[in-house]
Amino acid sequence: MKNKNLIIVESPAKARTIKNFLGKDYEVIASKGHIRDLPKHSFGIKVEEGKFEPQYRVDKEHSAVVKQIKELAKKSDRIFIATDEDREGEAIGYHIAKAIGKDPEKLPRIVFHEITKNAITHALENPRTIDMDKVNAQQARRLLDRIVGYKLSPLLSSKIQRGLSAGRVQSSALKLIVDREREIKAFVPQEYWSIDAVFNKSIDASLVEFKDKKIEKMSIKTADVAKNIVKTLKGEEFKVAKIEKKKRVSKTPPPFMTSTLQQTASSQLGFSPKKTMMIAQKLYEGVQTDKGITGIITYMRTDSLNIAKEAQNSARELIKNRYGEKYLPKNPKIYTTKSKGAQEAHEAIRPTMIDFTPQAAAQYLSKDELRLYTLIYNRFLASQMEDAIFETQTIYFKSDSGTFKASGRKLVFDGFYKVLGTEDKDKLLPELKEGEKVELTKIEANQHFTEPPARYSEASLIKKLESLGIGRPSTYAPTIALLQARKYIDIEKKQLIPTDIAFKVIEVLEKHFSEIVDSSFTAKMEEELDEIAEAKKEWQKVLLEFYEPFIKQIEEGKKEIKSQKIAIPLGRNCPLCGAELVKRSGRFGEFVACSAYPKCKYTEQIESEDKKESKNEETTDQICDKCGAPMVVKQGPRGKFLACSAYPKCKNTKPLNDPKKLSVKCPECGGEILERYSKRGKFFGCSNYPECKFISKYEPTEKKCEKCGYMTAKRTYRGKEVYECIKCKHKEEA
């Protein structure tokens with residue numbers, strides 16, 4: 001009987017939270033992400049006559065949940081698609097509809113920026129249909145990434161090293177990191193000098209003018225020039241030439257969007273972008289609060305700075321009541337993003353309940369959840385407060401030959417710093433009058449050298465990608481994680497350092513596939529995807545314009561790119577064919593291979609001495625009787641054993657020592673009973689295996705079964721020691 005409304009989301013946590021708000025008339029189920037996608041082990045795109053037909057499949061992991069959704073759909077009056085509000089969520093909703101045999105453009109689609117009772121109720125009252133323009137934009141992105149990945153990655157693997165990959169956003173990001181490292185390596189430090197002084201024993205000042213010439217940074221190039229300036233100024237008399245006081249406004253920061261949240265969480269909390277998004281996802285999907293399970297922040301994948309009027313008013317009321325009228329701006333603060341293609345219909349990241357303060361949240365959230373929530377909460381509250389005001393002070397000290405400048409400042413009104421706090425301490429200058437004589441108590445020349453540009457951190461790379469228009473909120477964290485997983489970069493002390501293979505890959509891409517690593521081309525592609533989502537461009541046409549010249553480049557690359565694989569001769573021969581063995585690099589590190597590959601596919605693993613020592617692996621003079629490679633001693637969970645060094649190509653193993661023999665004889669053939677081991681643990685078997693297949697889980701004894709006369713084994717049964725017949729299972733107390 002059809003009596004329920006079915007709501008389909010993508011996350012189990014989201015499903016639990018929404019179910020918490022709705023009554024028994026609603027069933028909520030999660031698809032657990034994408035239930036249909038391109039096949040994992042084939043290209044999956046049919047290209048005919050300039051048209052691209054994706055061959056979507058329901059993967060095995062989702063077959064059970066698809067079946068469950070279909071069954072629930074049959075029993076439901078209405079089916080609502082309630083996936084996330086971005087393009088990815090729109091596409092997930094489309095694929096859910098297709099998988100359960102429904103028309104995606106007819107199913108009601110509900111969207112919400114936060115998972116709260118009011119938001120869900122409002123969404124159910126105002127459903128729309130799936131936006132096929134957004135779906136097509138996501139499809140275009142997915143197919144573009146598959147085309148690049150499936151056509152370019154194998155080419156790199158065949159020419160450079162197995163296991164390499166390339167991608168539109170991935171390769172552009174990697175080029176930025178490699179280019180920065182090139183700048184650092186090519187950097188030549190330049191020497192320059194500053195002239196610094198102290199007046200009246202406590203006022204620090206720097207030289208800004210000498211003999212009517214302005215002193216710019218790096219204008220004093222040598223020690224001799226610096227020393228002559230110091231010598232000239234040392235004996236001169238100084239007076240206060242001018243005093244300037246100005247008010248400087250420190251503007252309130254906007255609330256967070258994805259990129260700025262990732263950047264700030266990285267710099268202030270030490271979180272990786274991946275960790276930030278995982279925690280934010282949980283806060284969005286629902287956690288325990290004093291009001292039950294509910295989402296406590298709005299959607300975390302956004303490039304918008306919009307704020308709902310209701311949330312703005314709640315924040316203003318709290319600011320007025322807690323901090324007073326002087327901290328409340330006359331009009332609500334409105335922010336706009338500079339991001340290209342920002343989806344302004346979305347909201348910035350903010351708390352869903354202004355009364356759920358970090359202090360109130362402390363008893364419900366884990367340590368890291370609370371730290372990120374506090375960051376989001378305080379930033380949102382601060383964004384609706386008054387600006388901070390500083391008074392800057394500048395004093396100029398002048399002599400016949402030179403002028404020094406001293407700077408100071410003090411916080412006049414703390415404004416939003418009341419919530420965010422500030423590490424900037426007041427630097428107050430003493431009260432002086434113009435024309436007043438001052439004492440030069442110290443003067444010195446200080447040597448400096450220019451420094452190379454800093455390596456990118458995860459935060460600064462995200463900022464750069466955003467400024468160039470490369471990628472979108474959902475791609476920043478996965479891109480960095482992929483570069484690390486592919487061994488293209490190492491992260492040390494928060495710095496992104498490209499590996500040797502990264503340089504080689506970028507060199508090949510720059511020469512043969514320049515557009516793939518060109519940031520302006522990648523940004524243009526993102527703009528075209530935005531135009532598809534806005535119904536300004538046709539997705540098939542965008543794909544075709546990219547595909548045809550790209551495939552031509554791939555075919556040219558197969559012929560023109562010379563192999564750059566490195567093979568180091570080892571001075572020994574292959575045990576299978578006699579050709580020389582060489583050392584190569586592969587996806588999982590260095591390995592030994594036959595130089596006659598692909599005719600001979602013999603390989604050996606290479607492990608570091610540290611790894612060998614940690615595994616207690618020892619070499620032996622024994623040879624594997626299956627492949628001829630040396631046998632080594634390895635440490636397993638049940639002790640040491642002999643294994644072939646060519647593992648995993650050859651999985652031959654032998655016991656290191658003779659197995660333990662029991663005093664009793666095999667009841668079947670009279671052979672010796674041996675203690676053996678398998679993946680399931682210890683067992684006892686006949687030495688004449690496989691001719692005799694006697695086996696016992698428990699250690700056999702000399703005692704015979706009273707019932708059938710067969711051999712028994714001693715074991716514990718229901719807390720008591722018993723003799724159990726190995727054949728008939730009859731038990732008697734020991």
# chains A, B, ... in the order shown; residues from 1 in each chain; ligands from 1
>>> select_by_dssp(residues="region 319-499 of chain A", states="strand (DSSP E)", output="JSON, numbers by chain")
{"A": [388, 389, 390, 391, 392, 393, 394, 395, 396, 397, 398, 402, 403, 404, 405, 406, 407, 408, 409, 410, 411, 412, 413, 437, 438, 440, 441, 442, 443, 444, 445, 446, 447, 448, 449, 489, 490, 491, 492, 495, 496, 497, 498]}
>>> write_last_selection(atoms="N, CA and C atoms", output="tab-separated table (two decimals), in the first residue's frame")
chain	number	residue	atom	x	y	z
A	388	ALA	N	37.21	47.62	13.04
A	388	ALA	CA	38.13	48.06	14.08
A	388	ALA	C	38.82	49.33	13.62
A	389	ILE	N	39.21	50.18	14.57
A	389	ILE	CA	39.86	51.46	14.23
A	389	ILE	C	41.20	51.57	14.95
A	390	PHE	N	42.24	51.86	14.19
A	390	PHE	CA	43.57	52.10	14.74
A	390	PHE	C	43.97	53.55	14.55
A	391	GLU	N	44.80	54.05	15.42
A	391	GLU	CA	45.45	55.34	15.20
A	391	GLU	C	46.90	55.06	14.87
A	392	THR	N	47.33	55.46	13.67
A	392	THR	CA	48.73	55.27	13.29
A	392	THR	C	49.51	56.54	13.62
A	393	GLN	N	50.75	56.35	14.05
A	393	GLN	CA	51.60	57.48	14.43
A	393	GLN	C	52.90	57.38	13.63
A	394	THR	N	53.33	58.49	13.06
A	394	THR	CA	54.60	58.54	12.33
A	394	THR	C	55.37	59.78	12.76
A	395	ILE	N	56.62	59.60	13.16
A	395	ILE	CA	57.48	60.72	13.56
A	395	ILE	C	58.72	60.72	12.68
A	396	TYR	N	59.05	61.89	12.13
A	396	TYR	CA	60.24	62.04	11.29
A	396	TYR	C	61.31	62.81	12.07
A	397	PHE	N	62.51	62.23	12.14
A	397	PHE	CA	63.65	62.87	12.80
A	397	PHE	C	64.63	63.31	11.73
A	398	LYS	N	64.97	64.63	11.70
A	398	LYS	CA	65.78	65.17	10.59
A	398	LYS	C	67.05	65.82	11.11
A	402	GLY	N	70.32	63.72	6.82
A	402	GLY	CA	69.39	62.60	6.67
A	402	GLY	C	68.10	62.73	7.47
A	403	THR	N	67.13	61.85	7.11
A	403	THR	CA	65.85	61.80	7.81
A	403	THR	C	65.52	60.36	8.16
A	404	PHE	N	65.14	60.14	9.42
A	404	PHE	CA	64.70	58.82	9.90
A	404	PHE	C	63.20	58.85	10.15
A	405	LYS	N	62.56	57.67	10.04
A	405	LYS	CA	61.12	57.56	10.30
A	405	LYS	C	60.86	56.50	11.35
A	406	ALA	N	60.05	56.85	12.33
A	406	ALA	CA	59.60	55.89	13.35
A	406	ALA	C	58.08	55.75	13.24
A	407	SER	N	57.59	54.51	13.34
A	407	SER	CA	56.15	54.27	13.19
A	407	SER	C	55.59	53.57	14.42
A	408	GLY	N	54.37	53.89	14.76
A	408	GLY	CA	53.68	53.24	15.86
A	408	GLY	C	52.19	53.22	15.59
A	409	ARG	N	51.46	52.50	16.44
A	409	ARG	CA	50.00	52.50	16.29
A	409	ARG	C	49.37	52.03	17.58
A	410	LYS	N	48.10	52.38	17.73
A	410	LYS	CA	47.35	51.88	18.88
A	410	LYS	C	45.92	51.60	18.45
A	411	LEU	N	45.33	50.62	19.09
A	411	LEU	CA	43.94	50.22	18.80
A	411	LEU	C	43.01	51.17	19.53
A	412	VAL	N	42.23	51.93	18.76
A	412	VAL	CA	41.31	52.90	19.34
A	412	VAL	C	39.96	52.24	19.64
A	413	PHE	N	39.48	51.42	18.71
A	413	PHE	CA	38.21	50.70	18.90
A	413	PHE	C	38.38	49.29	18.36
A	437	LYS	N	64.44	68.82	20.07
A	437	LYS	CA	65.69	68.09	19.85
A	437	LYS	C	65.58	66.69	20.43
A	438	VAL	N	66.18	65.72	19.71
A	438	VAL	CA	66.19	64.33	20.19
A	438	VAL	C	67.62	63.81	20.15
A	440	LEU	N	70.35	60.98	19.40
A	440	LEU	CA	70.65	59.76	18.63
A	440	LEU	C	71.49	58.86	19.52
A	441	THR	N	70.86	57.84	20.11
A	441	THR	CA	71.58	56.99	21.07
A	441	THR	C	72.24	55.78	20.42
A	442	LYS	N	71.82	55.43	19.21
A	442	LYS	CA	72.42	54.28	18.54
A	442	LYS	C	72.16	54.38	17.03
A	443	ILE	N	73.18	54.04	16.22
A	443	ILE	CA	73.01	53.98	14.77
A	443	ILE	C	73.90	52.86	14.24
A	444	GLU	N	73.34	52.05	13.32
A	444	GLU	CA	74.12	50.95	12.78
A	444	GLU	C	73.64	50.58	11.39
A	445	ALA	N	74.57	49.98	10.63
A	445	ALA	CA	74.24	49.47	9.29
A	445	ALA	C	74.01	47.97	9.40
A	446	ASN	N	72.89	47.48	8.84
A	446	ASN	CA	72.55	46.06	8.92
A	446	ASN	C	72.48	45.45	7.52
A	447	GLN	N	73.19	44.33	7.38
A	447	GLN	CA	73.24	43.64	6.10
A	447	GLN	C	72.03	42.73	5.92
A	448	HIS	N	71.50	42.67	4.70
A	448	HIS	CA	70.36	41.80	4.37
A	448	HIS	C	70.61	41.15	3.02
A	449	PHE	N	69.90	40.07	2.77
A	449	PHE	CA	69.93	39.42	1.46
A	449	PHE	C	68.48	39.15	1.03
A	489	ILE	N	54.23	15.09	-5.12
A	489	ILE	CA	54.69	16.08	-4.14
A	489	ILE	C	54.90	15.42	-2.78
A	490	ASP	N	55.81	16.02	-2.01
A	490	ASP	CA	55.94	15.69	-0.60
A	490	ASP	C	55.53	16.92	0.19
A	491	ILE	N	54.98	16.71	1.38
A	491	ILE	CA	54.61	17.84	2.23
A	491	ILE	C	55.50	17.80	3.46
A	492	GLU	N	56.36	18.80	3.58
A	492	GLU	CA	57.27	18.91	4.71
A	492	GLU	C	57.13	20.29	5.34
A	495	GLN	N	55.05	22.73	3.61
A	495	GLN	CA	55.46	23.15	2.27
A	495	GLN	C	55.26	22.03	1.26
A	496	LEU	N	54.81	22.40	0.05
A	496	LEU	CA	54.61	21.43	-1.03
A	496	LEU	C	55.88	21.38	-1.87
A	497	ILE	N	56.55	20.22	-1.85
A	497	ILE	CA	57.82	20.07	-2.55
A	497	ILE	C	57.65	19.05	-3.67
A	498	PRO	N	57.87	19.47	-4.93
A	498	PRO	CA	57.71	18.51	-6.04
A	498	PRO	C	58.82	17.47	-6.05
>>> closest_atom_pairs(of="region 342-442 of chain A", to="region 109-126 of chain A", cutoff="8 Å", atoms="only C-alpha atoms", output="CSV")
residue,atom,partner,partner_atom,distance
A:His346,CA,A:His113,CA,7.2
A:Glu347,CA,A:His113,CA,6.9
A:Thr352,CA,A:Glu114,CA,6.8
>>> residues_around(residues="Leu156 (chain A)", least_positions_apart="2", cutoff="10 Å", atoms="only C-alpha atoms", output="number ranges by chain")
A: 151-154, 158-166, 504-505, 508-509, 557-558, 561, 563-564
>>> write_last_selection(atoms="C-alpha atoms", output="compact mmCIF listing (two decimals), in the first residue's frame")
# COMPACT_ATOMS: atom_id res chain seq x y z
CA LYS A 151 44.22 8.90 -22.90
CA LEU A 152 47.11 10.89 -21.40
CA SER A 153 47.93 8.86 -18.27
CA PRO A 154 48.80 5.63 -20.17
CA SER A 158 54.59 4.12 -21.19
CA LYS A 159 57.13 6.88 -21.81
CA ILE A 160 58.28 7.75 -18.27
CA GLN A 161 57.16 5.43 -15.48
CA ARG A 162 54.27 3.11 -14.67
CA GLY A 163 51.45 4.42 -12.53
CA LEU A 164 51.65 8.08 -13.59
CA SER A 165 48.51 10.12 -14.10
CA ALA A 166 47.47 13.45 -15.57
CA LYS A 504 59.89 15.02 -15.64
CA VAL A 505 56.10 14.82 -16.10
CA VAL A 508 56.82 16.33 -21.13
CA LEU A 509 53.44 18.02 -20.73
CA GLY A 557 52.87 12.09 -28.67
CA LYS A 558 52.99 8.31 -29.13
CA ILE A 561 57.88 11.45 -27.16
CA SER A 563 61.12 6.92 -23.78
CA GLN A 564 62.57 8.42 -20.62
>>> residues_around(residues="Pro667 (chain A)", least_positions_apart="2", cutoff="8 Å", atoms="only C-alpha atoms", output="PyMOL selection string")
chain A and resi 665+669-670+710-711
>>> closest_atom_pairs(of="region 6-114 of chain A", to="region 269-291 of chain A", cutoff="6 Å", atoms="only C-alpha atoms", output="Markdown table")
| residue | atom | partner | partner_atom | distance |
| --- | --- | --- | --- | --- |
| A:Ala13 | CA | A:Glu285 | CA | 5.8 |
| A:Lys14 | CA | A:Glu285 | CA | 4.7 |
| A:Thr17 | CA | A:Gly286 | CA | 5.6 |
>>> write_last_selection(atoms="N, CA and C atoms", output="mmCIF file, in the first residue's frame")
data_model
loop_
_atom_site.group_PDB
_atom_site.id
_atom_site.type_symbol
_atom_site.label_atom_id
_atom_site.label_comp_id
_atom_site.auth_asym_id
_atom_site.auth_seq_id
_atom_site.Cartn_x
_atom_site.Cartn_y
_atom_site.Cartn_z
ATOM 1 N N ALA A 13 24.478 9.886 7.166
ATOM 2 C CA ALA A 13 24.380 10.839 8.282
ATOM 3 C C ALA A 13 23.313 11.891 7.984
ATOM 4 N N LYS A 14 23.273 12.337 6.753
ATOM 5 C CA LYS A 14 22.263 13.319 6.322
ATOM 6 C C LYS A 14 20.866 12.701 6.418
ATOM 7 N N THR A 17 19.701 12.620 10.053
ATOM 8 C CA THR A 17 19.323 13.952 10.551
ATOM 9 C C THR A 17 17.962 14.371 10.023
#
>>> residues_around(residues="region 430-434 of chain A", least_positions_apart="5", cutoff="6 Å", atoms="only C-alpha atoms", output="PDB file with N, CA and C atoms, in the first residue's frame")
ATOM      1  N   VAL A 240      62.786  66.809  15.818  1.00  0.00           N
ATOM      2  CA  VAL A 240      61.520  66.270  15.317  1.00  0.00           C
ATOM      3  C   VAL A 240      61.050  67.168  14.187  1.00  0.00           C
ATOM      4  N   ALA A 241      61.086  66.654  12.968  1.00  0.00           N
ATOM      5  CA  ALA A 241      60.707  67.459  11.799  1.00  0.00           C
ATOM      6  C   ALA A 241      59.202  67.477  11.572  1.00  0.00           C
ATOM      7  N   LYS A 242      58.548  66.320  11.814  1.00  0.00           N
ATOM      8  CA  LYS A 242      57.102  66.243  11.537  1.00  0.00           C
ATOM      9  C   LYS A 242      56.482  65.108  12.333  1.00  0.00           C
TER      10      LYS A 242
END
>>> residues_around(residues="Ile319 (chain A)", least_positions_apart="6", cutoff="10 Å", atoms="only C-alpha atoms", output="list in words")
Asn313, Glu325, Lys326, Tyr327, Leu328, Pro329, Leu381, Ala382, Gln384, Met385, Glu386 and Val419 of chain A
>>> write_last_selection(atoms="C-alpha atoms", output="short mmCIF file (atom, residue, chain, number, x, y, z; two decimals), in the first residue's frame")
data_model
loop_
_atom_site.label_atom_id
_atom_site.label_comp_id
_atom_site.auth_asym_id
_atom_site.auth_seq_id
_atom_site.Cartn_x
_atom_site.Cartn_y
_atom_site.Cartn_z
CA ASN A 313 19.20 39.44 11.84
CA GLU A 325 25.14 49.10 20.30
CA LYS A 326 28.63 50.42 19.48
CA TYR A 327 29.64 47.05 18.03
CA LEU A 328 26.58 46.86 15.75
CA PRO A 329 26.78 48.52 12.29
CA LEU A 381 29.64 36.74 13.98
CA ALA A 382 32.64 39.01 13.35
CA GLN A 384 28.38 41.36 11.07
CA MET A 385 30.22 43.61 13.57
CA GLU A 386 31.72 47.08 13.29
CA VAL A 419 35.27 38.25 18.85
#
>>> residues_around(residues="region 353-365 of chain A", least_positions_apart="3", cutoff="9 Å", atoms="only C-alpha atoms", output="list in words")
Val287, Gln288, Thr289, Asp290, Ile296, Ile297, Ala311, Ser314, Ala315, Leu318, Arg350, Asp368, Glu369, Leu370, Arg371, Tyr373, Thr374, Tyr377, Asn378 and Leu381 of chain A
>>> select_by_dssp(residues="region 298-484 of chain A", states="helix (DSSP H, G or I)", output="PyMOL selection string")
chain A and resi 309-323+325-327+358-361+367-383+417-420+458-468+476-484
>>> closest_residue(among="A:Glu706, A:Glu10, A:Asp518, A:Glu458", to="Gln262 (chain A)", atoms="only C-alpha atoms")
A:Glu458
>>> closest_residue(among="A:Ala226, A:Ala91, A:Ala713, A:Val169", to="Asp196 (chain A)", atoms="only C-alpha atoms")
A:Ala226
>>> atom_distance(atom1="CA of Leu482 (chain A)", atom2="CA of Glu534 (chain A)")
29.3 Å
>>> closest_residue(among="A:Glu244, A:Lys511, A:Glu439, A:Tyr456", to="Glu560 (chain A)", atoms="only C-alpha atoms")
A:Lys511
>>> decode(residues="region 177-207 of chain A", atoms="N, CA and C atoms", output="CSV table (one decimal), in the first residue's frame")
chain,number,residue,atom,x,y,z
A,177,ILE,N,53.3,24.3,-8.8
A,177,ILE,CA,54.3,23.9,-7.7
A,177,ILE,C,55.7,23.7,-8.3
A,178,VAL,N,55.8,23.1,-9.5
A,178,VAL,CA,57.1,22.9,-10.1
A,178,VAL,C,57.7,24.2,-10.6
A,179,ASP,N,56.9,25.1,-11.1
A,179,ASP,CA,57.4,26.4,-11.5
A,179,ASP,C,57.9,27.2,-10.3
A,180,ARG,N,57.3,27.1,-9.2
A,180,ARG,CA,57.8,27.8,-8.0
A,180,ARG,C,59.1,27.2,-7.5
A,181,GLU,N,59.2,25.9,-7.6
A,181,GLU,CA,60.5,25.2,-7.3
A,181,GLU,C,61.6,25.6,-8.2
A,182,ARG,N,61.3,25.8,-9.5
A,182,ARG,CA,62.3,26.3,-10.5
A,182,ARG,C,62.7,27.7,-10.1
A,183,GLU,N,61.8,28.5,-9.7
A,183,GLU,CA,62.2,29.9,-9.3
A,183,GLU,C,63.2,29.9,-8.1
A,184,ILE,N,62.8,29.0,-7.2
A,184,ILE,CA,63.7,28.9,-6.0
A,184,ILE,C,65.1,28.4,-6.3
A,185,LYS,N,65.2,27.4,-7.2
A,185,LYS,CA,66.5,26.9,-7.6
A,185,LYS,C,67.3,27.9,-8.4
A,186,ALA,N,66.6,28.7,-9.2
A,186,ALA,CA,67.3,29.7,-10.1
A,186,ALA,C,67.6,31.0,-9.3
A,187,PHE,N,67.1,31.1,-8.1
A,187,PHE,CA,67.2,32.4,-7.4
A,187,PHE,C,68.7,32.7,-7.0
A,188,VAL,N,69.1,33.9,-7.2
A,188,VAL,CA,70.4,34.4,-6.8
A,188,VAL,C,70.2,35.5,-5.8
A,189,PRO,N,70.6,35.3,-4.5
A,189,PRO,CA,70.4,36.3,-3.5
A,189,PRO,C,71.2,37.6,-3.8
A,190,GLN,N,70.5,38.7,-3.5
A,190,GLN,CA,71.2,40.0,-3.7
A,190,GLN,C,71.4,40.7,-2.3
A,191,GLU,N,72.6,41.3,-2.2
A,191,GLU,CA,72.9,42.0,-0.9
A,191,GLU,C,72.3,43.4,-0.9
A,192,TYR,N,71.8,43.8,0.3
A,192,TYR,CA,71.5,45.2,0.5
A,192,TYR,C,71.6,45.5,1.9
A,193,TRP,N,71.6,46.8,2.3
A,193,TRP,CA,71.9,47.3,3.6
A,193,TRP,C,70.8,48.3,4.1
A,194,SER,N,70.5,48.2,5.4
A,194,SER,CA,69.6,49.2,5.9
A,194,SER,C,70.3,50.0,7.0
A,195,ILE,N,69.9,51.2,7.3
A,195,ILE,CA,70.5,52.1,8.3
A,195,ILE,C,69.4,52.3,9.4
A,196,ASP,N,69.7,51.7,10.6
A,196,ASP,CA,68.7,51.7,11.6
A,196,ASP,C,69.3,52.5,12.8
A,197,ALA,N,68.4,53.2,13.5
A,197,ALA,CA,68.8,54.0,14.7
A,197,ALA,C,67.8,53.9,15.8
A,198,VAL,N,68.3,54.4,17.0
A,198,VAL,CA,67.5,54.5,18.2
A,198,VAL,C,67.6,55.9,18.7
A,199,PHE,N,66.4,56.6,18.9
A,199,PHE,CA,66.4,57.9,19.4
A,199,PHE,C,65.8,57.9,20.9
A,200,ASN,N,66.3,58.8,21.7
A,200,ASN,CA,65.9,59.0,23.1
A,200,ASN,C,65.8,57.6,23.8
A,201,LYS,N,66.8,56.7,23.4
A,201,LYS,CA,67.0,55.4,24.1
A,201,LYS,C,65.9,54.4,23.8
A,202,SER,N,64.7,54.8,23.2
A,202,SER,CA,63.7,53.7,23.1
A,202,SER,C,62.9,53.8,21.7
A,203,ILE,N,63.2,54.8,20.9
A,203,ILE,CA,62.4,55.0,19.7
A,203,ILE,C,63.2,54.4,18.5
A,204,ASP,N,62.7,53.2,18.0
A,204,ASP,CA,63.4,52.6,16.8
A,204,ASP,C,63.0,53.3,15.5
A,205,ALA,N,63.9,53.6,14.7
A,205,ALA,CA,63.7,54.4,13.4
A,205,ALA,C,64.6,53.9,12.3
A,206,SER,N,64.2,54.1,11.1
A,206,SER,CA,64.9,53.7,9.9
A,206,SER,C,65.2,54.8,9.0
A,207,LEU,N,66.3,54.8,8.3
A,207,LEU,CA,66.7,55.9,7.4
A,207,LEU,C,65.8,55.9,6.2
